[in-house]
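Below you'll find the structure, written out as structure tokens, and then a few comments.
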Amino acid sequence: MHDPLEQMAEVTRVRFEREYARIAALVEEEVTLRKQLAQIKAQIGAGHVTLQGPDMTIQAMSAGLLWQSWSTRHRARLEQELAGVLARKAVVLAEVRIAFGRKDAVDRMQTQEARDRAAARTKAQFNRLMGL
């Protein structure tokens with residue numbers, strides 16, 4: 001692999017794959033956090049229905065308040081984590097776009113170079129056949 005364009009293509013491909021892996025990990029983390037948030041929201045909703053019954057005792061109310069306090073803190077923590085992941089994802093996504101653009105440009109250069117070589121071969125064959 002002594003061709004500089006081939007070397008450049010390999011480097012841009014590797015950089016793009018590295019950036020893509022970073023974004024994939026962040027998307028996976030985002031999906032996990034969103035699932036956890038949906039789950040806690042569903043549990044909070046179910047908890048409110050249970051606690052609104054007419055035969056609530058002081059114990060049930062106390063447990064309900066503890067649950068509500070914990071679930072609110074847990075939900076806030078998950079939302080903060082999600083915000084952090086989304087912020088990192090935005091930064092990495094910009095880097096992925098740059099890496100993809102570079103990779104795409106080099107791929108196009110390789111395609112054009114291959115076309116140019118093929119045209120040069122065709123022209124050389126034509127000139128040989130014509131005795132030029």
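Here, A, B, ... name the chains of the structure tokens in the order displayed, residue numbers run from 1 inside each chain, and ligands are numbered from 1 in the same displayed order.
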
Can you pull out the residues contacting A:Arg108? Cut-off 12 Å, using only C-alpha atoms, and skip same-chain residues under 5 positions away; I want them as a compact mmCIF listing (two decimals) with C-alpha atoms, in the first residue's frame.
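Output (result-v7.txt):
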```
# COMPACT_ATOMS: atom_id res chain seq x y z
CA LEU A 5 -4.52 8.05 -1.91
CA GLU A 6 -4.96 4.49 -0.71
CA ALA A 9 -8.49 6.29 2.33
CA GLY A 101 -17.22 14.04 4.96
CA ARG A 102 -13.50 13.37 4.81
CA LYS A 103 -14.06 9.68 4.14
CA GLU A 113 -8.68 8.27 -10.02
CA ALA A 114 -9.89 4.81 -11.08
CA ARG A 115 -11.96 6.38 -13.88
```

| note | With distances taken over only C-alpha atoms, the candidate from A:Glu28, A:Asp107, A:Glu17, A:Glu10 nearest A:Lys89 is A:Glu28

| said: For A:Val96, find every residue with an atom within 9 Å (counting only C-alpha atoms), except residues of its own chain fewer than 6 positions away, and show them as an NGL selection string. | reply: :A and (15-20 or 22-23)

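Put simply, atom CA of A:Ala87 is 15.8 Å away from atom CA of A:Thr32.
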
| field | Shell of 12 Å around A:Gln36, only C-alpha atoms, local chain residues under 3 positions omitted, as a PyMOL selection string | value | chain A and resi 29-33+39-43+71+74-79+81-82

Expected file: the selected residues, N, CA and C atoms, as a PDB file, in the first residue's frame:
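Written output follows (result_24.pdb):
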```pdb
ATOM      1  N   GLU A  29     -26.450   4.164  25.194  1.00  0.00           N
ATOM      2  CA  GLU A  29     -26.636   4.732  26.534  1.00  0.00           C
ATOM      3  C   GLU A  29     -27.924   5.564  26.596  1.00  0.00           C
ATOM      4  N   GLU A  30     -28.176   6.325  25.530  1.00  0.00           N
ATOM      5  CA  GLU A  30     -29.400   7.137  25.472  1.00  0.00           C
ATOM      6  C   GLU A  30     -30.641   6.253  25.518  1.00  0.00           C
ATOM      7  N   VAL A  31     -30.631   5.183  24.745  1.00  0.00           N
ATOM      8  CA  VAL A  31     -31.784   4.274  24.699  1.00  0.00           C
ATOM      9  C   VAL A  31     -32.022   3.662  26.083  1.00  0.00           C
ATOM     10  N   THR A  32     -30.952   3.258  26.741  1.00  0.00           N
ATOM     11  CA  THR A  32     -31.076   2.673  28.081  1.00  0.00           C
ATOM     12  C   THR A  32     -31.698   3.673  29.056  1.00  0.00           C
ATOM     13  N   LEU A  33     -31.201   4.902  29.033  1.00  0.00           N
ATOM     14  CA  LEU A  33     -31.738   5.926  29.938  1.00  0.00           C
ATOM     15  C   LEU A  33     -33.195   6.246  29.625  1.00  0.00           C
ATOM     16  N   GLN A  39     -39.852   3.675  32.352  1.00  0.00           N
ATOM     17  CA  GLN A  39     -40.221   2.728  33.397  1.00  0.00           C
ATOM     18  C   GLN A  39     -40.559   3.456  34.704  1.00  0.00           C
ATOM     19  N   ILE A  40     -39.735   4.418  35.100  1.00  0.00           N
ATOM     20  CA  ILE A  40     -40.000   5.143  36.353  1.00  0.00           C
ATOM     21  C   ILE A  40     -41.268   5.992  36.218  1.00  0.00           C
ATOM     22  N   LYS A  41     -41.483   6.561  35.028  1.00  0.00           N
ATOM     23  CA  LYS A  41     -42.710   7.342  34.818  1.00  0.00           C
ATOM     24  C   LYS A  41     -43.943   6.443  34.944  1.00  0.00           C
ATOM     25  N   ALA A  42     -43.844   5.239  34.397  1.00  0.00           N
ATOM     26  CA  ALA A  42     -44.969   4.303  34.497  1.00  0.00           C
ATOM     27  C   ALA A  42     -45.187   3.896  35.950  1.00  0.00           C
ATOM     28  N   GLN A  43     -44.105   3.669  36.673  1.00  0.00           N
ATOM     29  CA  GLN A  43     -44.227   3.301  38.087  1.00  0.00           C
ATOM     30  C   GLN A  43     -44.805   4.452  38.901  1.00  0.00           C
ATOM     31  N   SER A  71     -38.773   8.455  43.950  1.00  0.00           N
ATOM     32  CA  SER A  71     -39.003   8.377  42.503  1.00  0.00           C
ATOM     33  C   SER A  71     -38.738   9.727  41.834  1.00  0.00           C
ATOM     34  N   HIS A  74     -34.958  10.048  41.693  1.00  0.00           N
ATOM     35  CA  HIS A  74     -34.443   9.089  40.704  1.00  0.00           C
ATOM     36  C   HIS A  74     -34.732   9.575  39.278  1.00  0.00           C
ATOM     37  N   ARG A  75     -35.928  10.063  39.084  1.00  0.00           N
ATOM     38  CA  ARG A  75     -36.295  10.577  37.763  1.00  0.00           C
ATOM     39  C   ARG A  75     -35.430  11.782  37.397  1.00  0.00           C
ATOM     40  N   ALA A  76     -35.206  12.683  38.343  1.00  0.00           N
ATOM     41  CA  ALA A  76     -34.371  13.861  38.088  1.00  0.00           C
ATOM     42  C   ALA A  76     -32.938  13.441  37.753  1.00  0.00           C
ATOM     43  N   ARG A  77     -32.411  12.437  38.463  1.00  0.00           N
ATOM     44  CA  ARG A  77     -31.058  11.951  38.180  1.00  0.00           C
ATOM     45  C   ARG A  77     -30.984  11.350  36.775  1.00  0.00           C
ATOM     46  N   LEU A  78     -31.980  10.562  36.410  1.00  0.00           N
ATOM     47  CA  LEU A  78     -32.007   9.966  35.068  1.00  0.00           C
ATOM     48  C   LEU A  78     -32.096  11.049  33.989  1.00  0.00           C
ATOM     49  N   GLU A  79     -32.909  12.068  34.252  1.00  0.00           N
ATOM     50  CA  GLU A  79     -33.036  13.160  33.278  1.00  0.00           C
ATOM     51  C   GLU A  79     -31.724  13.933  33.140  1.00  0.00           C
ATOM     52  N   GLU A  81     -28.697  12.642  33.658  1.00  0.00           N
ATOM     53  CA  GLU A  81     -27.800  11.753  32.910  1.00  0.00           C
ATOM     54  C   GLU A  81     -28.130  11.786  31.423  1.00  0.00           C
ATOM     55  N   LEU A  82     -29.413  11.763  31.102  1.00  0.00           N
ATOM     56  CA  LEU A  82     -29.830  11.809  29.705  1.00  0.00           C
ATOM     57  C   LEU A  82     -29.398  13.115  29.051  1.00  0.00           C
TER      58      LEU A  82
END
```
